[in-house]
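Below you'll find the structure, written out as structure tokens, and then a few comments.
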Amino acid sequence: MRLSKSFVPTLKEVPNDAVVTSHILLLRAGMIRMLSAGIYSFLPLGYKIVRKVVDIIREEMDAIGGQEFHLPALNPIEIWEETGRVEAFGDTMFHLKNREYILAPTHEEIITFHARNVVKSYKDMPQIWYQIQTKFRNEARPRSGIIRGRQFLMKDAYSLDTSFENLDKSYNLHDGAYRKIFDRCGLKYFVVGASSGAMGGTGSEEFMVKSDAGEDTVAYCESCGYASNVEVAESKVDALSRNKVSGELKEIHTPNVKSIDELCAFLKINETQCAKSRVYIFNNKPLLILMLGNDDVNETKLEKILGGTVRPGHTDELKELTGADAGSIGPISFNGKIIADLRLKNGNNLYSGANKNDYHVGGIDLMRDVPELEYADLRTVNAGEQCIRCESKLDVFSAIELGHIFKLGTKYSLSMGAMFLDENGKENPIIMGSYGIGVERIISCYVEQHHDENGIIWDKVLTPFQVNLLALNMKKGNVVEVSDKIYTELTNNGISVLYDDRFDAQAGFKFNDADLLGMPIQIIVGDKKLKENRVEVKVRETGERFDIEIEKLNEKIADIFKRTLYP
RNA sequence: CGGGGUGUAGCGCAGCCCGGUUAGCGCGCUUCGUUCGGGACGAAGAGGUCGAGAGUUCGAAUCUCUCCACCCCGACCA
């Protein structure tokens, strides 16, 4: 492709609204442009990368027996009402104004719709159905360029099986395919145990890329490889040990003491002597959660235990429900259900709020003073705690979710009536799995992982063109002649070439654009070296430069490509 | 949805507090000339409903109100 005839609007300056590196570089390289918050156009160069990613995904999905569909993004709302997910998605789902349609945020319902009409016998399974298609989610806050958009490309796959054992097989096939896909794309990633959230189901794993731009938080153990989304992560922390003697309940005046730290400082006690209270609303009823010291409530764990969604109580509700403001709330005389974290189990001589502003209560014995108290693991894991498996120190960091695989089980088949007859003529629900990959996120993560101060560094797999040919001075006849010849020859040999043949652009301009765009090999044709019948070859990743005789150019390029740029 | 910020030429910004010629600067763009291997130089140009609407005023980019858009933090999120 001749750059002089192409639309590749590179930017020298960083657009004001871009903060995340991948966003900045993709904008500057003329690969994407924003239309509206969370809605992006791919320009020709960027779309070439999308197609490369999609091709890899397609190959690996086909390799595990996947069959590609193309399902409608425009869906009648009734199908979504069958599973109750219109409500579950809430405002995240786009609704049309002039017809009872929605824009699909995912496709479990549509797949199940087709499955129930067609898959009637155990002989019809297993099936793996997938598509690579645009999804719509009305994100309250899109961010980080194409990492979180309101419209985005997703590879979504669904498995249909006769049993949970067979679901495991389909799930493992996807696990393997996903690893191949991300490996081939040149990504460093890891796999973590995850929450299945609103998707429902019995098990799930996420494919994560470590990144400050990420919105998920991951706990990771370097020594044994334990990796888990903090939503479900566990660590080894000491529980309370019960004192032999329980003290008397006593109310203590604690003016202006709100946080656990303030309480400890005021009473000169340790935080492990404190029970922190958080009030949630579950099914319109108040729920008090007790945590040891400064431990944070993990709302995902809480919701899993309760089997429904909770919300933190509003400030004005707290006073009404407990008689006190946040900071003075506690379990004694609390009117409602109370659940305590396992670390507090059977603790005594504890301090907590008195449900009266500026007062705390000491000498609490949970066994004595909080009857019928339930315990559960409700903690959020912190960095530096011991790994649940090997007791080494856990690392906690941000990560971008690239893909997510779920064992759905029967959630959709039961609610939508997708049944089959087994070998004994007995009717059973289809056992389903669902598997997603964010296409734009692969690209963003790649750029996050492969760039330097000058721009993007593509390897030979995802790059929009394999070679960037720079004719340094188009006003010199010999430069044009040789460049044109190289361009034609390489193209005829099946090597894709972006040919910077811009007439007016100066050498420095072309060098900088080439580094920004990041094709793996640059061939630089300049008057100076042409006099010795040589051109320069530069490897973008390493910065290596070679002066090559024109006759040996093909050989050299083949040689460089033979080396795996990212092993 | 809560908090904070921004909106002036294609991009990056100044001007606004303290209202007053024809709204500036850098980059980019057009034309001509010079230059030509790391974002050149000179000269001459084009390009603006100052986010939108209403108000105050003799006069508004500037003050007031409403709305919109975008960014960041949080909440939420498969």
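FYI, nothing fancy with the structure tokens labels: chains A, B, ... in order, residues from 1 per chain, ligands from 1 as they appear.
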Based on only C-alpha atoms (C1' of nucleotides), which of the residues in chain A come within 8 Å of chain B? I want them as a PDB file with all heavy atoms, in the first residue's frame.
ATOM      1  N   LEU A  11      -0.649  11.314  14.378  1.00  0.00           N
ATOM      2  CA  LEU A  11      -0.640  12.535  15.185  1.00  0.00           C
ATOM      3  C   LEU A  11       0.703  12.656  15.891  1.00  0.00           C
ATOM      4  O   LEU A  11       1.207  11.689  16.445  1.00  0.00           O
ATOM      5  CB  LEU A  11      -1.737  12.485  16.257  1.00  0.00           C
ATOM      6  CG  LEU A  11      -3.175  12.392  15.778  1.00  0.00           C
ATOM      7  CD1 LEU A  11      -4.083  12.146  16.963  1.00  0.00           C
ATOM      8  CD2 LEU A  11      -3.569  13.663  15.057  1.00  0.00           C
ATOM      9  N   LYS A  12       1.244  13.858  15.856  1.00  0.00           N
ATOM     10  CA  LYS A  12       2.487  14.108  16.569  1.00  0.00           C
ATOM     11  C   LYS A  12       2.196  14.340  18.045  1.00  0.00           C
ATOM     12  O   LYS A  12       2.906  13.860  18.920  1.00  0.00           O
ATOM     13  CB  LYS A  12       3.162  15.328  15.967  1.00  0.00           C
ATOM     14  CG  LYS A  12       4.539  15.605  16.507  1.00  0.00           C
ATOM     15  CD  LYS A  12       5.117  16.797  15.771  1.00  0.00           C
ATOM     16  CE  LYS A  12       6.421  17.262  16.388  1.00  0.00           C
ATOM     17  NZ  LYS A  12       6.909  18.462  15.694  1.00  0.00           N
ATOM     18  N   GLU A  13       1.127  15.051  18.298  1.00  0.00           N
ATOM     19  CA  GLU A  13       0.811  15.387  19.686  1.00  0.00           C
ATOM     20  C   GLU A  13      -0.206  14.415  20.265  1.00  0.00           C
ATOM     21  O   GLU A  13      -0.968  13.795  19.536  1.00  0.00           O
ATOM     22  CB  GLU A  13       0.277  16.818  19.763  1.00  0.00           C
ATOM     23  CG  GLU A  13       1.386  17.822  19.527  1.00  0.00           C
ATOM     24  CD  GLU A  13       0.894  19.260  19.526  1.00  0.00           C
ATOM     25  OE1 GLU A  13       0.349  19.699  18.503  1.00  0.00           O
ATOM     26  OE2 GLU A  13       1.065  19.910  20.546  1.00  0.00           O
ATOM     27  N   VAL A  14      -0.193  14.323  21.578  1.00  0.00           N
ATOM     28  CA  VAL A  14      -1.099  13.407  22.265  1.00  0.00           C
ATOM     29  C   VAL A  14      -2.456  14.075  22.421  1.00  0.00           C
ATOM     30  O   VAL A  14      -2.554  15.151  22.989  1.00  0.00           O
ATOM     31  CB  VAL A  14      -0.547  13.050  23.655  1.00  0.00           C
ATOM     32  CG1 VAL A  14      -1.518  12.162  24.399  1.00  0.00           C
ATOM     33  CG2 VAL A  14       0.803  12.380  23.524  1.00  0.00           C
ATOM     34  N   PRO A  15      -3.498  13.441  21.904  1.00  0.00           N
ATOM     35  CA  PRO A  15      -4.837  14.021  22.061  1.00  0.00           C
ATOM     36  C   PRO A  15      -5.167  14.170  23.542  1.00  0.00           C
ATOM     37  O   PRO A  15      -4.833  13.322  24.360  1.00  0.00           O
ATOM     38  CB  PRO A  15      -5.751  13.002  21.395  1.00  0.00           C
ATOM     39  CG  PRO A  15      -4.866  12.202  20.509  1.00  0.00           C
ATOM     40  CD  PRO A  15      -3.524  12.197  21.152  1.00  0.00           C
ATOM     41  N   ASN A  16      -5.814  15.237  23.845  1.00  0.00           N
ATOM     42  CA  ASN A  16      -6.132  15.650  25.200  1.00  0.00           C
ATOM     43  C   ASN A  16      -6.844  14.574  26.024  1.00  0.00           C
ATOM     44  O   ASN A  16      -6.562  14.397  27.205  1.00  0.00           O
ATOM     45  CB  ASN A  16      -7.017  16.899  25.060  1.00  0.00           C
ATOM     46  CG  ASN A  16      -7.397  17.467  26.387  1.00  0.00           C
ATOM     47  OD1 ASN A  16      -6.728  17.230  27.375  1.00  0.00           O
ATOM     48  ND2 ASN A  16      -8.463  18.199  26.410  1.00  0.00           N
ATOM     49  N   ASP A  17      -7.753  13.840  25.396  1.00  0.00           N
ATOM     50  CA  ASP A  17      -8.624  12.946  26.144  1.00  0.00           C
ATOM     51  C   ASP A  17      -8.022  11.575  26.417  1.00  0.00           C
ATOM     52  O   ASP A  17      -8.578  10.797  27.163  1.00  0.00           O
ATOM     53  CB  ASP A  17      -9.948  12.745  25.379  1.00  0.00           C
ATOM     54  CG  ASP A  17     -10.764  14.027  25.379  1.00  0.00           C
ATOM     55  OD1 ASP A  17     -10.515  14.874  26.246  1.00  0.00           O
ATOM     56  OD2 ASP A  17     -11.627  14.162  24.505  1.00  0.00           O
ATOM     57  N   ALA A  18      -6.897  11.276  25.798  1.00  0.00           N
ATOM     58  CA  ALA A  18      -6.345   9.936  25.948  1.00  0.00           C
ATOM     59  C   ALA A  18      -5.346   9.897  27.094  1.00  0.00           C
ATOM     60  O   ALA A  18      -4.489  10.769  27.217  1.00  0.00           O
ATOM     61  CB  ALA A  18      -5.672   9.500  24.655  1.00  0.00           C
ATOM     62  N   ALA A  37     -18.258   8.726  23.338  1.00  0.00           N
ATOM     63  CA  ALA A  37     -17.633   8.019  24.449  1.00  0.00           C
ATOM     64  C   ALA A  37     -17.878   6.520  24.329  1.00  0.00           C
ATOM     65  O   ALA A  37     -19.008   6.065  24.243  1.00  0.00           O
ATOM     66  CB  ALA A  37     -18.195   8.520  25.775  1.00  0.00           C
ATOM     67  N   THR A  92     -27.650  -1.526  31.712  1.00  0.00           N
ATOM     68  CA  THR A  92     -26.513  -1.875  30.859  1.00  0.00           C
ATOM     69  C   THR A  92     -26.972  -2.324  29.478  1.00  0.00           C
ATOM     70  O   THR A  92     -26.207  -2.344  28.528  1.00  0.00           O
ATOM     71  CB  THR A  92     -25.691  -2.994  31.527  1.00  0.00           C
ATOM     72  OG1 THR A  92     -25.328  -2.540  32.831  1.00  0.00           O
ATOM     73  CG2 THR A  92     -24.437  -3.301  30.765  1.00  0.00           C
ATOM     74  N   GLU A 139     -22.505   0.971  28.936  1.00  0.00           N
ATOM     75  CA  GLU A 139     -21.630   1.151  30.078  1.00  0.00           C
ATOM     76  C   GLU A 139     -21.834   2.541  30.666  1.00  0.00           C
ATOM     77  O   GLU A 139     -21.846   3.535  29.939  1.00  0.00           O
ATOM     78  CB  GLU A 139     -20.160   1.006  29.653  1.00  0.00           C
ATOM     79  CG  GLU A 139     -19.795  -0.359  29.105  1.00  0.00           C
ATOM     80  CD  GLU A 139     -19.823  -1.443  30.173  1.00  0.00           C
ATOM     81  OE1 GLU A 139     -19.977  -1.105  31.351  1.00  0.00           O
ATOM     82  OE2 GLU A 139     -19.693  -2.629  29.795  1.00  0.00           O
ATOM     83  N   ALA A 140     -21.976   2.586  31.979  1.00  0.00           N
ATOM     84  CA  ALA A 140     -22.156   3.880  32.632  1.00  0.00           C
ATOM     85  C   ALA A 140     -20.936   4.750  32.411  1.00  0.00           C
ATOM     86  O   ALA A 140     -21.030   5.950  32.237  1.00  0.00           O
ATOM     87  CB  ALA A 140     -22.401   3.679  34.122  1.00  0.00           C
ATOM     88  N   SER A 196     -18.675 -16.040  38.549  1.00  0.00           N
ATOM     89  CA  SER A 196     -19.503 -16.109  37.342  1.00  0.00           C
ATOM     90  C   SER A 196     -20.532 -14.991  37.283  1.00  0.00           C
ATOM     91  O   SER A 196     -21.184 -14.810  36.283  1.00  0.00           O
ATOM     92  CB  SER A 196     -20.161 -17.478  37.206  1.00  0.00           C
ATOM     93  OG  SER A 196     -20.179 -18.145  38.424  1.00  0.00           O
ATOM     94  N   GLY A 197     -20.656 -14.231  38.355  1.00  0.00           N
ATOM     95  CA  GLY A 197     -21.494 -13.026  38.326  1.00  0.00           C
ATOM     96  C   GLY A 197     -22.874 -13.268  37.748  1.00  0.00           C
ATOM     97  O   GLY A 197     -23.486 -14.306  37.985  1.00  0.00           O
ATOM     98  N   ALA A 198     -23.337 -12.300  36.966  1.00  0.00           N
ATOM     99  CA  ALA A 198     -24.699 -12.346  36.440  1.00  0.00           C
ATOM    100  C   ALA A 198     -24.879 -13.412  35.365  1.00  0.00           C
ATOM    101  O   ALA A 198     -25.986 -13.673  34.928  1.00  0.00           O
ATOM    102  CB  ALA A 198     -25.092 -10.982  35.879  1.00  0.00           C
ATOM    103  N   MET A 199     -23.777 -14.023  34.918  1.00  0.00           N
ATOM    104  CA  MET A 199     -23.909 -15.058  33.906  1.00  0.00           C
ATOM    105  C   MET A 199     -24.477 -16.323  34.526  1.00  0.00           C
ATOM    106  O   MET A 199     -25.034 -17.162  33.846  1.00  0.00           O
ATOM    107  CB  MET A 199     -22.554 -15.389  33.291  1.00  0.00           C
ATOM    108  CG  MET A 199     -21.887 -14.224  32.608  1.00  0.00           C
ATOM    109  SD  MET A 199     -22.748 -13.704  31.132  1.00  0.00           S
ATOM    110  CE  MET A 199     -22.433 -15.102  30.080  1.00  0.00           C
ATOM    111  N   LEU A 472      13.337   7.782   1.306  1.00  0.00           N
ATOM    112  CA  LEU A 472      13.646   8.980   2.091  1.00  0.00           C
ATOM    113  C   LEU A 472      13.459  10.269   1.327  1.00  0.00           C
ATOM    114  O   LEU A 472      13.009  11.260   1.864  1.00  0.00           O
ATOM    115  CB  LEU A 472      15.078   8.901   2.638  1.00  0.00           C
ATOM    116  CG  LEU A 472      15.264   7.911   3.772  1.00  0.00           C
ATOM    117  CD1 LEU A 472      16.611   8.131   4.428  1.00  0.00           C
ATOM    118  CD2 LEU A 472      14.161   8.052   4.807  1.00  0.00           C
ATOM    119  N   ASN A 473      13.824  10.273   0.080  1.00  0.00           N
ATOM    120  CA  ASN A 473      13.671  11.504  -0.692  1.00  0.00           C
ATOM    121  C   ASN A 473      13.109  11.196  -2.064  1.00  0.00           C
ATOM    122  O   ASN A 473      13.803  10.741  -2.961  1.00  0.00           O
ATOM    123  CB  ASN A 473      15.024  12.201  -0.830  1.00  0.00           C
ATOM    124  CG  ASN A 473      14.868  13.589  -1.403  1.00  0.00           C
ATOM    125  OD1 ASN A 473      13.869  13.892  -2.059  1.00  0.00           O
ATOM    126  ND2 ASN A 473      15.851  14.431  -1.157  1.00  0.00           N
ATOM    127  N   GLN A 506       9.700  14.879   4.913  1.00  0.00           N
ATOM    128  CA  GLN A 506      11.140  14.778   5.069  1.00  0.00           C
ATOM    129  C   GLN A 506      11.516  13.477   5.745  1.00  0.00           C
ATOM    130  O   GLN A 506      10.678  12.797   6.337  1.00  0.00           O
ATOM    131  CB  GLN A 506      11.631  15.940   5.895  1.00  0.00           C
ATOM    132  CG  GLN A 506      11.557  17.236   5.131  1.00  0.00           C
ATOM    133  CD  GLN A 506      12.511  18.247   5.711  1.00  0.00           C
ATOM    134  OE1 GLN A 506      12.097  19.092   6.464  1.00  0.00           O
ATOM    135  NE2 GLN A 506      13.792  18.139   5.369  1.00  0.00           N
ATOM    136  N   ALA A 507      12.813  13.166   5.680  1.00  0.00           N
ATOM    137  CA  ALA A 507      13.291  11.888   6.213  1.00  0.00           C
ATOM    138  C   ALA A 507      12.886  11.690   7.667  1.00  0.00           C
ATOM    139  O   ALA A 507      12.338  10.647   8.042  1.00  0.00           O
ATOM    140  CB  ALA A 507      14.806  11.811   6.071  1.00  0.00           C
ATOM    141  N   GLY A 508      13.133  12.691   8.489  1.00  0.00           N
ATOM    142  CA  GLY A 508      12.829  12.558   9.916  1.00  0.00           C
ATOM    143  C   GLY A 508      11.360  12.265  10.155  1.00  0.00           C
ATOM    144  O   GLY A 508      11.004  11.480  11.036  1.00  0.00           O
ATOM    145  N   PHE A 509      10.529  12.888   9.359  1.00  0.00           N
ATOM    146  CA  PHE A 509       9.091  12.678   9.430  1.00  0.00           C
ATOM    147  C   PHE A 509       8.765  11.210   9.162  1.00  0.00           C
ATOM    148  O   PHE A 509       7.995  10.579   9.869  1.00  0.00           O
ATOM    149  CB  PHE A 509       8.436  13.571   8.369  1.00  0.00           C
ATOM    150  CG  PHE A 509       7.067  14.003   8.729  1.00  0.00           C
ATOM    151  CD1 PHE A 509       6.846  15.224   9.345  1.00  0.00           C
ATOM    152  CD2 PHE A 509       5.983  13.183   8.446  1.00  0.00           C
ATOM    153  CE1 PHE A 509       5.567  15.614   9.673  1.00  0.00           C
ATOM    154  CE2 PHE A 509       4.709  13.573   8.781  1.00  0.00           C
ATOM    155  CZ  PHE A 509       4.488  14.791   9.396  1.00  0.00           C
ATOM    156  N   PHE A 511      10.849   8.590   9.338  1.00  0.00           N
ATOM    157  CA  PHE A 511      11.416   7.738  10.389  1.00  0.00           C
ATOM    158  C   PHE A 511      10.480   7.678  11.593  1.00  0.00           C
ATOM    159  O   PHE A 511      10.191   6.612  12.134  1.00  0.00           O
ATOM    160  CB  PHE A 511      12.773   8.286  10.860  1.00  0.00           C
ATOM    161  CG  PHE A 511      13.893   8.062   9.896  1.00  0.00           C
ATOM    162  CD1 PHE A 511      14.769   9.091   9.577  1.00  0.00           C
ATOM    163  CD2 PHE A 511      14.084   6.816   9.317  1.00  0.00           C
ATOM    164  CE1 PHE A 511      15.812   8.885   8.697  1.00  0.00           C
ATOM    165  CE2 PHE A 511      15.135   6.602   8.433  1.00  0.00           C
ATOM    166  CZ  PHE A 511      15.996   7.642   8.115  1.00  0.00           C
ATOM    167  N   ASN A 512      10.035   8.841  12.012  1.00  0.00           N
ATOM    168  CA  ASN A 512       9.199   8.891  13.208  1.00  0.00           C
ATOM    169  C   ASN A 512       7.851   8.212  13.004  1.00  0.00           C
ATOM    170  O   ASN A 512       7.342   7.540  13.907  1.00  0.00           O
ATOM    171  CB  ASN A 512       9.014  10.331  13.666  1.00  0.00           C
ATOM    172  CG  ASN A 512      10.269  10.853  14.354  1.00  0.00           C
ATOM    173  OD1 ASN A 512      10.824  10.181  15.208  1.00  0.00           O
ATOM    174  ND2 ASN A 512      10.733  12.011  13.966  1.00  0.00           N
ATOM    175  N   GLY A 526      17.852   5.429   0.855  1.00  0.00           N
ATOM    176  CA  GLY A 526      18.334   6.799   0.825  1.00  0.00           C
ATOM    177  C   GLY A 526      19.442   6.957  -0.197  1.00  0.00           C
ATOM    178  O   GLY A 526      20.139   5.996  -0.543  1.00  0.00           O
TER     179      GLY A 526
END
| said: Applying 7 Å and only C-alpha atoms (C1' of nucleotides), which residues near Ile128 (chain A) remain after dropping the ones on its own chain fewer than 2 positions away? List them as a ChimeraX atom specification. | reply: /A:65-67,126,130,157-160
Produce a file of the selected residues containing all heavy atoms, as a PDB file, in the first residue's frame.
ATOM      1  N   GLY A  65     -13.480 -27.721  16.712  1.00  0.00           N
ATOM      2  CA  GLY A  65     -14.784 -28.165  16.233  1.00  0.00           C
ATOM      3  C   GLY A  65     -15.870 -27.113  16.317  1.00  0.00           C
ATOM      4  O   GLY A  65     -17.056 -27.418  16.207  1.00  0.00           O
ATOM      5  N   GLY A  66     -15.463 -25.885  16.510  1.00  0.00           N
ATOM      6  CA  GLY A  66     -16.449 -24.809  16.561  1.00  0.00           C
ATOM      7  C   GLY A  66     -17.052 -24.531  15.196  1.00  0.00           C
ATOM      8  O   GLY A  66     -16.402 -24.704  14.175  1.00  0.00           O
ATOM      9  N   GLN A  67     -18.331 -24.156  15.203  1.00  0.00           N
ATOM     10  CA  GLN A  67     -18.995 -23.786  13.960  1.00  0.00           C
ATOM     11  C   GLN A  67     -19.409 -22.335  14.065  1.00  0.00           C
ATOM     12  O   GLN A  67     -20.055 -21.928  15.024  1.00  0.00           O
ATOM     13  CB  GLN A  67     -20.235 -24.658  13.750  1.00  0.00           C
ATOM     14  CG  GLN A  67     -19.915 -26.145  13.726  1.00  0.00           C
ATOM     15  CD  GLN A  67     -21.158 -26.959  13.976  1.00  0.00           C
ATOM     16  OE1 GLN A  67     -21.974 -27.141  13.095  1.00  0.00           O
ATOM     17  NE2 GLN A  67     -21.313 -27.402  15.217  1.00  0.00           N
ATOM     18  N   PRO A 126     -21.950 -33.485  21.219  1.00  0.00           N
ATOM     19  CA  PRO A 126     -21.742 -32.073  21.605  1.00  0.00           C
ATOM     20  C   PRO A 126     -21.783 -31.106  20.416  1.00  0.00           C
ATOM     21  O   PRO A 126     -21.567 -31.518  19.273  1.00  0.00           O
ATOM     22  CB  PRO A 126     -20.329 -32.098  22.199  1.00  0.00           C
ATOM     23  CG  PRO A 126     -19.632 -33.203  21.463  1.00  0.00           C
ATOM     24  CD  PRO A 126     -20.691 -34.245  21.218  1.00  0.00           C
ATOM     25  N   TYR A 130     -20.126 -20.683  17.690  1.00  0.00           N
ATOM     26  CA  TYR A 130     -19.505 -19.391  18.032  1.00  0.00           C
ATOM     27  C   TYR A 130     -19.767 -18.360  16.963  1.00  0.00           C
ATOM     28  O   TYR A 130     -20.235 -18.659  15.868  1.00  0.00           O
ATOM     29  CB  TYR A 130     -17.996 -19.570  18.253  1.00  0.00           C
ATOM     30  CG  TYR A 130     -17.160 -19.668  16.985  1.00  0.00           C
ATOM     31  CD1 TYR A 130     -16.519 -18.548  16.468  1.00  0.00           C
ATOM     32  CD2 TYR A 130     -17.011 -20.875  16.312  1.00  0.00           C
ATOM     33  CE1 TYR A 130     -15.748 -18.630  15.323  1.00  0.00           C
ATOM     34  CE2 TYR A 130     -16.239 -20.966  15.169  1.00  0.00           C
ATOM     35  CZ  TYR A 130     -15.607 -19.836  14.667  1.00  0.00           C
ATOM     36  OH  TYR A 130     -14.849 -19.920  13.532  1.00  0.00           O
ATOM     37  N   ALA A 157     -18.678 -17.888  22.275  1.00  0.00           N
ATOM     38  CA  ALA A 157     -18.894 -19.285  21.917  1.00  0.00           C
ATOM     39  C   ALA A 157     -19.761 -19.940  22.976  1.00  0.00           C
ATOM     40  O   ALA A 157     -19.776 -19.506  24.130  1.00  0.00           O
ATOM     41  CB  ALA A 157     -17.561 -20.015  21.808  1.00  0.00           C
ATOM     42  N   TYR A 158     -20.478 -20.978  22.548  1.00  0.00           N
ATOM     43  CA  TYR A 158     -21.396 -21.660  23.453  1.00  0.00           C
ATOM     44  C   TYR A 158     -21.282 -23.149  23.194  1.00  0.00           C
ATOM     45  O   TYR A 158     -21.246 -23.577  22.037  1.00  0.00           O
ATOM     46  CB  TYR A 158     -22.834 -21.175  23.195  1.00  0.00           C
ATOM     47  CG  TYR A 158     -22.924 -19.666  23.239  1.00  0.00           C
ATOM     48  CD1 TYR A 158     -22.674 -18.898  22.102  1.00  0.00           C
ATOM     49  CD2 TYR A 158     -23.182 -19.010  24.433  1.00  0.00           C
ATOM     50  CE1 TYR A 158     -22.700 -17.512  22.149  1.00  0.00           C
ATOM     51  CE2 TYR A 158     -23.212 -17.619  24.504  1.00  0.00           C
ATOM     52  CZ  TYR A 158     -22.968 -16.880  23.352  1.00  0.00           C
ATOM     53  OH  TYR A 158     -22.983 -15.505  23.407  1.00  0.00           O
ATOM     54  N   SER A 159     -21.184 -23.913  24.283  1.00  0.00           N
ATOM     55  CA  SER A 159     -21.126 -25.356  24.097  1.00  0.00           C
ATOM     56  C   SER A 159     -22.425 -25.977  24.593  1.00  0.00           C
ATOM     57  O   SER A 159     -23.023 -25.502  25.561  1.00  0.00           O
ATOM     58  CB  SER A 159     -19.927 -25.945  24.853  1.00  0.00           C
ATOM     59  OG  SER A 159     -20.051 -25.712  26.238  1.00  0.00           O
ATOM     60  N   LEU A 160     -22.848 -27.035  23.891  1.00  0.00           N
ATOM     61  CA  LEU A 160     -24.057 -27.768  24.255  1.00  0.00           C
ATOM     62  C   LEU A 160     -23.650 -29.218  24.507  1.00  0.00           C
ATOM     63  O   LEU A 160     -23.063 -29.849  23.624  1.00  0.00           O
ATOM     64  CB  LEU A 160     -25.083 -27.725  23.109  1.00  0.00           C
ATOM     65  CG  LEU A 160     -25.395 -26.344  22.530  1.00  0.00           C
ATOM     66  CD1 LEU A 160     -26.347 -26.482  21.335  1.00  0.00           C
ATOM     67  CD2 LEU A 160     -25.999 -25.424  23.580  1.00  0.00           C
TER      68      LEU A 160
END
| So how many Å separate CA of Val439 (chain A) and CA of Gly149 (chain A), to one decimal? |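 Computing the Euclidean distance for CA of Val439 (chain A) and CA of Gly149 (chain A) yields 11.5 Å.
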| request: Using only C-alpha atoms (C1' of nucleotides), determine which residues lie at most 12 Å from G2 (chain B), disregarding the query and same-chain residues fewer than 5 positions distant; provide the list as a ChimeraX atom specification. | output: /A:314 /B:73-76
| request: Find the residue from A:His70, A:Lys356, A:Lys180, A:Arg540 that sits nearest to Gln133 (chain A); use only C-alpha atoms when measuring. | output: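 Ranked by minimum distance to Gln133 (chain A), first place goes to A:His70.
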| task | Could you please write out, as a count of residues only, every residue of region 218-318 of chain A that DSSP assigns to strand (DSSP E or B)? | result | 33
| CA of Leu350 (chain A) to CA of Thr322 (chain A), straight-line distance in Å | 19.1 Å
